[in-house]
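S.K.: Dropping a structure here in structure tokens format, bear with me for questions.
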Amino acid sequence: MRGINAALVALCTGLAGVAVLALAIPLVTDGRLDGVVLATIPLAAMASFEAVAPLSLSAQLLDGTERAASRLFELVDAPPEVVDPATASEPPIGHDVEIRGLRFRYAAGEANVLDGLDLSIPTGGRVALVGASGAGKSTLVDLLLRFRAYDEGEIRIGGREIRTCRADDVRRMLGVVSQQVHLFNVSVRDNLAFANPDATDAEIEAACRMAQVHEAIVALPEGYETLVGEDGVRLSGGERQRLAVARAILKGAPILVL
């Protein structure tokens, strides 16, 4: 259908130019039209088709566009799973993490993914959570970021229960490198600057050196200005992961979650 549409538009454009030319030639012959104008008249007629040619294609794409828009609005209009308290407390000041009696399950009637978890991480400390798939590692990260609400127990950062804080205040304190790294189809520099739009070139380079990806970036055709492609397709898996690490470092959050 698109091929037929393009062919018909091209045919009508050509016919319009020929028809206008056929009508204008006798006027030039009779001296009623300047010969110089004769060249512009058919071109103007053909150019007018540029305004209407996309309309038929737009009609063909309308149905798919409406369906895509409905799915987007379904996501946008969905109520958030975690709602900020009506009266939020001040953001946490300290950086220590205390988890006590944490319990969470994804649906009523299901087994607890986390069942009475206790964990203490002092400021400057490091803890590795090791377990098989489904043990609850990613779930704990979601709870820390307030993407989900836990059923029982408490999570405190800097001595403050995170449920009493605004979600954005809590998330500012965490730099996260997830398993699935998403990169936008912009330059390497722009992908890094999402974490800190005000970062200087020196700060960006320092973060990349710390993540051990600077040498790989400067080896790209345009260095930090190289477009990475949709979802970072022009980079290797390891380079994408290291860019995510550099982005988390550049954010400068006091708590780093890998």
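Within each chain, counting starts at residue 1; across the structure tokens, chains are named A, B, ... in the order shown, with ligands numbered 1 upward in that order.
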Need to verify the contact set: Ala22 of chain A, 12 Å, only C-alpha atoms, exclusion of same-chain residues closer than 4 positions in sequence. Can you return it as a count of residues only?

M.R.: 12

S.K.: Excluding segment 162-165 of chain A and residues on its chain fewer than 4 positions from it, collect all residues at most 9 Å away from it, counting only C-alpha atoms, and give them as number ranges by chain.

M.R.: A: 84-85, 87-92, 144, 146, 149, 154-157, 169-170

S.K.: Would you export the selected residues with all heavy atoms as a CSV table (one decimal), in the first residue's frame, please?

M.R.:
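And here's again32.csv as it stands now:
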```csv
chain,number,residue,atom,x,y,z
A,84,ASP,N,4.7,8.9,48.4
A,84,ASP,CA,5.4,9.6,49.5
A,84,ASP,C,4.4,9.9,50.6
A,84,ASP,O,3.2,10.2,50.4
A,84,ASP,CB,5.9,10.9,48.9
A,84,ASP,CG,7.1,10.7,48.0
A,84,ASP,OD1,7.8,9.7,48.2
A,84,ASP,OD2,7.4,11.6,47.2
A,85,PRO,N,4.9,10.0,51.9
A,85,PRO,CA,4.0,10.3,53.0
A,85,PRO,C,3.5,11.8,52.9
A,85,PRO,O,4.2,12.6,52.3
A,85,PRO,CB,4.9,10.1,54.2
A,85,PRO,CG,6.3,10.2,53.7
A,85,PRO,CD,6.3,9.7,52.3
A,87,THR,N,3.3,14.0,55.1
A,87,THR,CA,4.3,14.9,55.8
A,87,THR,C,5.6,14.1,55.8
A,87,THR,O,5.8,13.3,56.7
A,87,THR,CB,3.8,15.3,57.2
A,87,THR,OG1,2.5,15.9,57.1
A,87,THR,CG2,4.8,16.2,57.8
A,88,ALA,N,6.5,14.4,54.9
A,88,ALA,CA,7.8,13.7,54.8
A,88,ALA,C,8.8,14.3,55.8
A,88,ALA,O,8.8,15.5,56.0
A,88,ALA,CB,8.3,13.8,53.4
A,89,SER,N,9.6,13.4,56.3
A,89,SER,CA,10.7,13.8,57.2
A,89,SER,C,11.9,14.4,56.4
A,89,SER,O,11.9,14.3,55.2
A,89,SER,CB,11.2,12.7,58.1
A,89,SER,OG,11.7,11.6,57.3
A,90,GLU,N,12.8,15.0,57.1
A,90,GLU,CA,14.0,15.5,56.4
A,90,GLU,C,14.8,14.4,55.8
A,90,GLU,O,14.8,13.2,56.2
A,90,GLU,CB,14.9,16.3,57.4
A,90,GLU,CG,14.2,17.5,58.0
A,90,GLU,CD,14.0,18.6,56.9
A,90,GLU,OE1,14.9,18.7,56.0
A,90,GLU,OE2,12.9,19.2,56.8
A,91,PRO,N,15.6,14.7,54.7
A,91,PRO,CA,16.4,13.6,54.1
A,91,PRO,C,17.4,13.1,55.1
A,91,PRO,O,17.9,13.8,56.0
A,91,PRO,CB,17.1,14.3,52.9
A,91,PRO,CG,16.3,15.5,52.7
A,91,PRO,CD,15.7,15.9,54.0
A,92,PRO,N,17.8,11.8,54.9
A,92,PRO,CA,18.8,11.2,55.8
A,92,PRO,C,20.1,12.0,55.8
A,92,PRO,O,20.5,12.5,54.7
A,92,PRO,CB,19.0,9.8,55.3
A,92,PRO,CG,17.8,9.5,54.6
A,92,PRO,CD,17.3,10.8,54.0
A,144,LEU,N,15.2,-0.8,48.7
A,144,LEU,CA,16.1,0.3,49.1
A,144,LEU,C,15.8,1.6,48.3
A,144,LEU,O,15.8,2.7,48.8
A,144,LEU,CB,17.6,-0.1,48.9
A,144,LEU,CG,18.2,-0.9,50.0
A,144,LEU,CD1,19.6,-1.4,49.5
A,144,LEU,CD2,18.4,-0.1,51.3
A,146,ARG,N,12.9,2.3,47.1
A,146,ARG,CA,11.5,2.6,47.3
A,146,ARG,C,10.7,2.4,46.0
A,146,ARG,O,9.8,3.1,45.7
A,146,ARG,CB,11.3,4.0,47.8
A,146,ARG,CG,11.9,4.2,49.2
A,146,ARG,CD,11.2,5.3,50.0
A,146,ARG,NE,9.8,4.8,50.3
A,146,ARG,CZ,8.8,5.6,50.5
A,146,ARG,NH1,9.0,6.9,50.4
A,146,ARG,NH2,7.6,5.1,50.8
A,149,ALA,N,7.0,-1.3,48.2
A,149,ALA,CA,6.8,-1.1,49.7
A,149,ALA,C,6.9,-2.4,50.4
A,149,ALA,O,6.3,-3.4,50.0
A,149,ALA,CB,5.4,-0.5,49.9
A,154,GLU,N,11.9,-2.7,58.9
A,154,GLU,CA,12.3,-1.3,58.7
A,154,GLU,C,13.6,-1.3,58.0
A,154,GLU,O,14.5,-2.2,58.1
A,154,GLU,CB,12.3,-0.5,59.9
A,154,GLU,CG,13.3,-1.1,61.0
A,154,GLU,CD,13.3,-0.2,62.3
A,154,GLU,OE1,12.3,0.4,62.5
A,154,GLU,OE2,14.3,-0.3,63.0
A,155,ILE,N,13.8,-0.2,57.2
A,155,ILE,CA,15.1,0.1,56.5
A,155,ILE,C,15.4,1.5,56.9
A,155,ILE,O,14.6,2.4,56.7
A,155,ILE,CB,15.0,0.0,55.0
A,155,ILE,CG1,14.6,-1.4,54.6
A,155,ILE,CG2,16.3,0.4,54.4
A,155,ILE,CD1,14.5,-1.6,53.0
A,156,ARG,N,16.6,1.7,57.6
A,156,ARG,CA,17.0,3.0,58.0
A,156,ARG,C,18.3,3.4,57.3
A,156,ARG,O,19.2,2.6,57.3
A,156,ARG,CB,17.2,3.0,59.5
A,156,ARG,CG,15.9,2.9,60.3
A,156,ARG,CD,16.1,2.9,61.8
A,156,ARG,NE,14.8,2.9,62.5
A,156,ARG,CZ,14.1,4.0,62.8
A,156,ARG,NH1,14.5,5.2,62.5
A,156,ARG,NH2,13.0,3.9,63.5
A,157,ILE,N,18.3,4.6,56.8
A,157,ILE,CA,19.6,5.2,56.3
A,157,ILE,C,19.9,6.4,57.1
A,157,ILE,O,19.0,7.3,57.2
A,157,ILE,CB,19.4,5.5,54.8
A,157,ILE,CG1,19.2,4.3,54.0
A,157,ILE,CG2,20.7,6.2,54.3
A,157,ILE,CD1,19.0,4.6,52.5
A,169,ASP,N,14.4,11.8,47.7
A,169,ASP,CA,15.5,12.1,48.7
A,169,ASP,C,16.3,10.8,49.0
A,169,ASP,O,17.5,10.9,49.1
A,169,ASP,CB,14.9,12.6,50.0
A,169,ASP,CG,14.3,14.0,49.8
A,169,ASP,OD1,14.8,14.7,48.9
A,169,ASP,OD2,13.5,14.4,50.6
A,170,VAL,N,15.6,9.7,49.1
A,170,VAL,CA,16.3,8.4,49.3
A,170,VAL,C,17.1,8.0,48.1
A,170,VAL,O,18.3,7.6,48.2
A,170,VAL,CB,15.3,7.3,49.6
A,170,VAL,CG1,15.9,6.0,49.8
A,170,VAL,CG2,14.5,7.7,50.9
```

S.K.: Residues of segment 89-202 of chain A within 7 Å of segment 231-250 of chain A: nearest atom pair and distance (Å, one decimal) for each, counting only C-alpha atoms, sorted by chain and number, as JSON lines?

M.R.:
```
{"residue": "A:Gly175", "atom": "CA", "partner": "A:Ala248", "partner_atom": "CA", "distance": 4.9}
{"residue": "A:Val176", "atom": "CA", "partner": "A:Ala248", "partner_atom": "CA", "distance": 6.1}
{"residue": "A:Val177", "atom": "CA", "partner": "A:Ala244", "partner_atom": "CA", "distance": 5.9}
{"residue": "A:Val181", "atom": "CA", "partner": "A:Gln241", "partner_atom": "CA", "distance": 6.5}
{"residue": "A:His182", "atom": "CA", "partner": "A:Asp231", "partner_atom": "CA", "distance": 5.6}
{"residue": "A:Leu183", "atom": "CA", "partner": "A:Asp231", "partner_atom": "CA", "distance": 4.6}
{"residue": "A:Phe184", "atom": "CA", "partner": "A:Asp231", "partner_atom": "CA", "distance": 5.5}
{"residue": "A:Asn185", "atom": "CA", "partner": "A:Asp231", "partner_atom": "CA", "distance": 6.5}
{"residue": "A:Leu192", "atom": "CA", "partner": "A:Arg247", "partner_atom": "CA", "distance": 5.1}
{"residue": "A:Ala195", "atom": "CA", "partner": "A:Arg247", "partner_atom": "CA", "distance": 5.8}
{"residue": "A:Asn196", "atom": "CA", "partner": "A:Leu250", "partner_atom": "CA", "distance": 6.4}
```

S.K.: In segment 76-203 of chain A, what's alpha helix (DSSP H) per DSSP? Answer as a PyMOL selection string?

M.R.: chain A and resi 76+137-144+167-171+188-193+201-203

S.K.: Need the shell around segment 107-117 of chain A: protein/DNA/RNA residues with any atom at most 9 Å away, counting only C-alpha atoms. Skip same-chain ones fewer than 6 positions apart. Format as a PyMOL selection string?

M.R.: chain A and resi 99-101+134-136+139-140+152-153

S.K.: Please, what distance in Å, to one decimal, runs between atom CA of Leu258 of chain A and atom CA of Ala167 of chain A?

M.R.: 19.6 Å
